[in-house]
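Peer 1: I have a structure I would like to understand better, so I am pasting it below and will then ask my questions one at a time.
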Amino acid sequence: MTPQQQIIDDEAKRDIRNRWLLSAPALVIVLLAATGPLLVVLVYSFLTAGPYGDVIWKGSTDGWVSVLLQRDIFDDTLSFADAHLSIFLRSLRLSVLTTILALVLGFPTAYFIATRPQRTRELWVFLITIPFWTNLLIRTFAMLEILRNQGLVNTLLIQLGVISSPIQMLFTDGAILAGMVYVYLPLMVLPLYASMEKLDFRLVEAGYDLYATPFQVLRKIIIPLVKPGMIAGSILVFIPSLGAYVTPSVLGGGKNMMLGNLIELQFGQGRNWPLGSAISITLMLIVMVALLFYVRNAGSGERSHG
Amino acid sequence: MARSFDVRRQAGFTTIAMIAFFMLYLPIVVLVVFAFNAGENFSQWDGLSLRWFEKAINNVEVIDASIRSLQIAVIAALIATVAATLAAIATTRTTGYRGLTAKYAFINLPLMVPEIVTAVALLIFFSRVKIWTGYSGIGYLIAAHTAFCIPFAYLPVRARLENMDMTLEKAAADLYATPFKAFRFVTLPLLWPGIIAGFMLAFVISLDDVVITEFVKSGGQDTLPTYMLGQIRRATTPEVNAISTVFLLLSIAAVTIFFFINRKRA
């Protein structure tokens, strides 16, 4: 090795060492207070539940069995076991429905914004950004006030004579669904808008020149071109919906639980930390699968554009 | 004359968009309006009054929680921004090195884990640490907030760095600036808008957090959002509306600042 090469080599090594030093604080903080403890959750899911919460340091697969086979740990009956499965299914169903409704509402909204003149477009984007940044709890609370028995919807319906006594909307699955669509809609609109903004309307024009109907243009030209945005938006809505905690606990009351509430229950009154840990890991795995699906599809989407 | 044909038009889209905007704003507007209601009712207007704001200001718990929220948000956002800025410098403008991609993924990992999972993980972990060390102060909340703020502070700084002109630093080096001087007088001033944007993001994210705080806090460590969650679960008075209104104003102010910083850059 020539002396010059040696110098360049040392320089490169020093650069890399400096880069590790510079990133060390961020890496250490994230490791200690965010991702490291996830490993502890994994360990806890294989331990025995303590009588007053926490765990006893004795290996056990009871936590996982209770998730997978939905076996109740107190009396082994199957009737109780259905509760877990139904919460899993409710979470999945509500998250899928939230995603679909957000897409149905969000797609035209993003399209509307993307087709505004440059100057007003920024204002519309700003109007979407404000709710996006507004505290989720406050928005959920706002929804609660609208839906409650003495709330705006019921009062209006009664005054119009449509109904005579208030409809119980709060503490139902419908309320959770409405709340989640409401709080996560901006997460759908923003990525959709980002991909629609780049849409080349000459292609749309070409479609019309070839006698396509507006619906055909939408289905054969616009949707395939903005598909990466649709997938990104759907994932961004689906993932927080599946792990939602605040919205179902405020709008669903105690009965209509989702996975987030089930996990909390195990760490609170349920006093079954291993089961809570196992459900947490399961939730994380589902999210990871969804993310992998996204990475794959977004990747191929980008390529087809290039 | 035939109506002019607009290729951008899709039947019904504008209507749905208007419904969506209406839906997004109606609940917030109703919430704010009823914060000024004289009565305790949420649907019937009893006249304008500031009594719920007065009540909130005179509520020791609310003031306590607000101060704690601001304390945590300022400290966590500051630490997160410094750590994220250093990390962004370490992960951009390089031809690549071993571990770079892993580092990038690791810093962004908190964004991908469901909040409730991080929350219980920290509950378990910190409850152990509390037993070992005997310390049960506000430090745990600050640590947790700092960690989930890092990816949010990291993104704008990184974006700013990637669009920056490297030749300016080379020019500084050519003029015999030490690496530190080049950083202090060339890189840092150019990076500043990204750092401020990162700080604003981290600050708002920390201020808004409910789930992780709810699980990590010890007794008597309510932040404003966890205090509000507790209130909402019981019967609420418009006092919660009043608190929300002030909170909303704060958030909107932060968004507006962030929006304009970003626009100037574009």
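Numbering starts fresh at 1 for the residues of each chain in the structure tokens, the chains themselves are lettered A, B, ... in the order given, and ligands are numbered from 1 as they appear.
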List the spatial neighbours of B:Phe22 as a ChimeraX atom specification - criterion: any atom at most 12 Å away, only C-alpha atoms, same-chain residues fewer than 5 positions off excluded.
Peer 2: /A:105,109,127-128,131,182 /B:15-17,27-30
Peer 1: For chain A against chain B, which residues fall within 6 Å using only C-alpha atoms, given as a VMD selection string?
Peer 2: chain A and resid 19 22 to 23 25 to 26 29 to 30 33 to 34 37 to 38 41 108 to 109 112 135 142 to 143 151 to 152 243 280
Peer 1: For the structure I just gave you, how does DSSP split stretch 46-219 of chain A - specifically, which residues are alpha helix (DSSP H)? Reply as a ChimeraX atom specification.
Peer 2: /A:62-68,78-114,118-133,136-147,152-159,173-197,201-209,214-217
Peer 1: Please provide the set of residues having any atom within 8 Å of stretch 161-174 of chain B, restricted to only C-alpha atoms, with same-chain residues fewer than 2 positions apart removed, written as a list in words.
Peer 2: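 Result of the neighbour search: Ala88, Ile89, Thr92, Arg93, Val157, Arg158, Ala159, Tyr176, Ala177, Thr178, Pro179, Ala182, Phe183, Val186, Thr187, Leu190 and Leu191 of chain B.
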Peer 1: Can you tell me which residues surround A:Arg116 at a distance of at most 12 Å, considering only C-alpha atoms, apart from same-chain residues fewer than 2 positions away, and format the answer as number ranges by chain?
Peer 2: A: 109-114, 118-125, 193, 196-197; B: 8-9, 14
Peer 1: Dump C-alpha atoms for the selected residues as a PDB file, in the first residue's frame?
Peer 2:
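Okay, part20.pdb is ready:
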ATOM      1  CA  THR A 109     -60.601  15.159  -1.372  1.00  0.00           C
ATOM      2  CA  ALA A 110     -56.994  14.716  -2.457  1.00  0.00           C
ATOM      3  CA  TYR A 111     -58.081  14.877  -6.099  1.00  0.00           C
ATOM      4  CA  PHE A 112     -60.002  18.063  -5.421  1.00  0.00           C
ATOM      5  CA  ILE A 113     -56.942  19.668  -3.806  1.00  0.00           C
ATOM      6  CA  ALA A 114     -54.591  18.500  -6.563  1.00  0.00           C
ATOM      7  CA  GLN A 118     -51.452  26.558  -7.573  1.00  0.00           C
ATOM      8  CA  ARG A 119     -52.271  29.514  -5.329  1.00  0.00           C
ATOM      9  CA  THR A 120     -55.348  28.148  -3.555  1.00  0.00           C
ATOM     10  CA  ARG A 121     -53.892  24.635  -3.417  1.00  0.00           C
ATOM     11  CA  GLU A 122     -51.574  25.527  -0.553  1.00  0.00           C
ATOM     12  CA  LEU A 123     -54.501  26.794   1.476  1.00  0.00           C
ATOM     13  CA  TRP A 124     -56.413  23.534   1.035  1.00  0.00           C
ATOM     14  CA  VAL A 125     -53.336  21.523   2.023  1.00  0.00           C
ATOM     15  CA  TYR A 193     -52.304  14.314  -2.574  1.00  0.00           C
ATOM     16  CA  MET A 196     -51.822  13.163  -7.353  1.00  0.00           C
ATOM     17  CA  GLU A 197     -49.915  16.406  -7.466  1.00  0.00           C
TER      18      GLU A 197
ATOM     19  CA  ARG B   8     -59.897  17.286 -14.592  1.00  0.00           C
ATOM     20  CA  ARG B   9     -63.564  17.025 -13.636  1.00  0.00           C
ATOM     21  CA  THR B  14     -65.972  18.182  -5.320  1.00  0.00           C
TER      22      THR B  14
END
Peer 1: List every residue of stretch 31-249 of chain A that DSSP, applied to the backbone of this structure, assigns to strand (DSSP E), and report them as a list of chain:residue names.
Peer 2: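 After running DSSP on the backbone, stretch 31-249 of chain A has strand (DSSP E) at A:Leu47, A:Thr48, A:Ala49, A:Val55, A:Ile56, A:Trp57, A:Lys58, A:Gly59.
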Peer 1: Keeping only C-alpha atoms, take the residues you just selected and write them out as a tab-separated table (two decimals), in the first residue's frame.
Peer 2:
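Resulting contents of part.tsv:
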chain	number	residue	atom	x	y	z
A	47	LEU	CA	-42.90	-15.88	31.85
A	48	THR	CA	-45.54	-16.74	34.46
A	49	ALA	CA	-48.06	-14.14	35.57
A	55	VAL	CA	-44.30	-11.64	36.53
A	56	ILE	CA	-42.71	-14.56	38.31
A	57	TRP	CA	-39.36	-15.51	36.76
A	58	LYS	CA	-40.44	-18.93	35.68
A	59	GLY	CA	-40.70	-19.88	32.02
Peer 1: Tell me, as a ChimeraX atom specification, which residues lie within 7 Å of stretch 252-265 of chain A, counting only C-alpha atoms; anything in the same chain fewer than 6 positions away does not count.
Peer 2: /A:87-88,90-91,170-173,175-176,243-245,276,279-280 /B:116
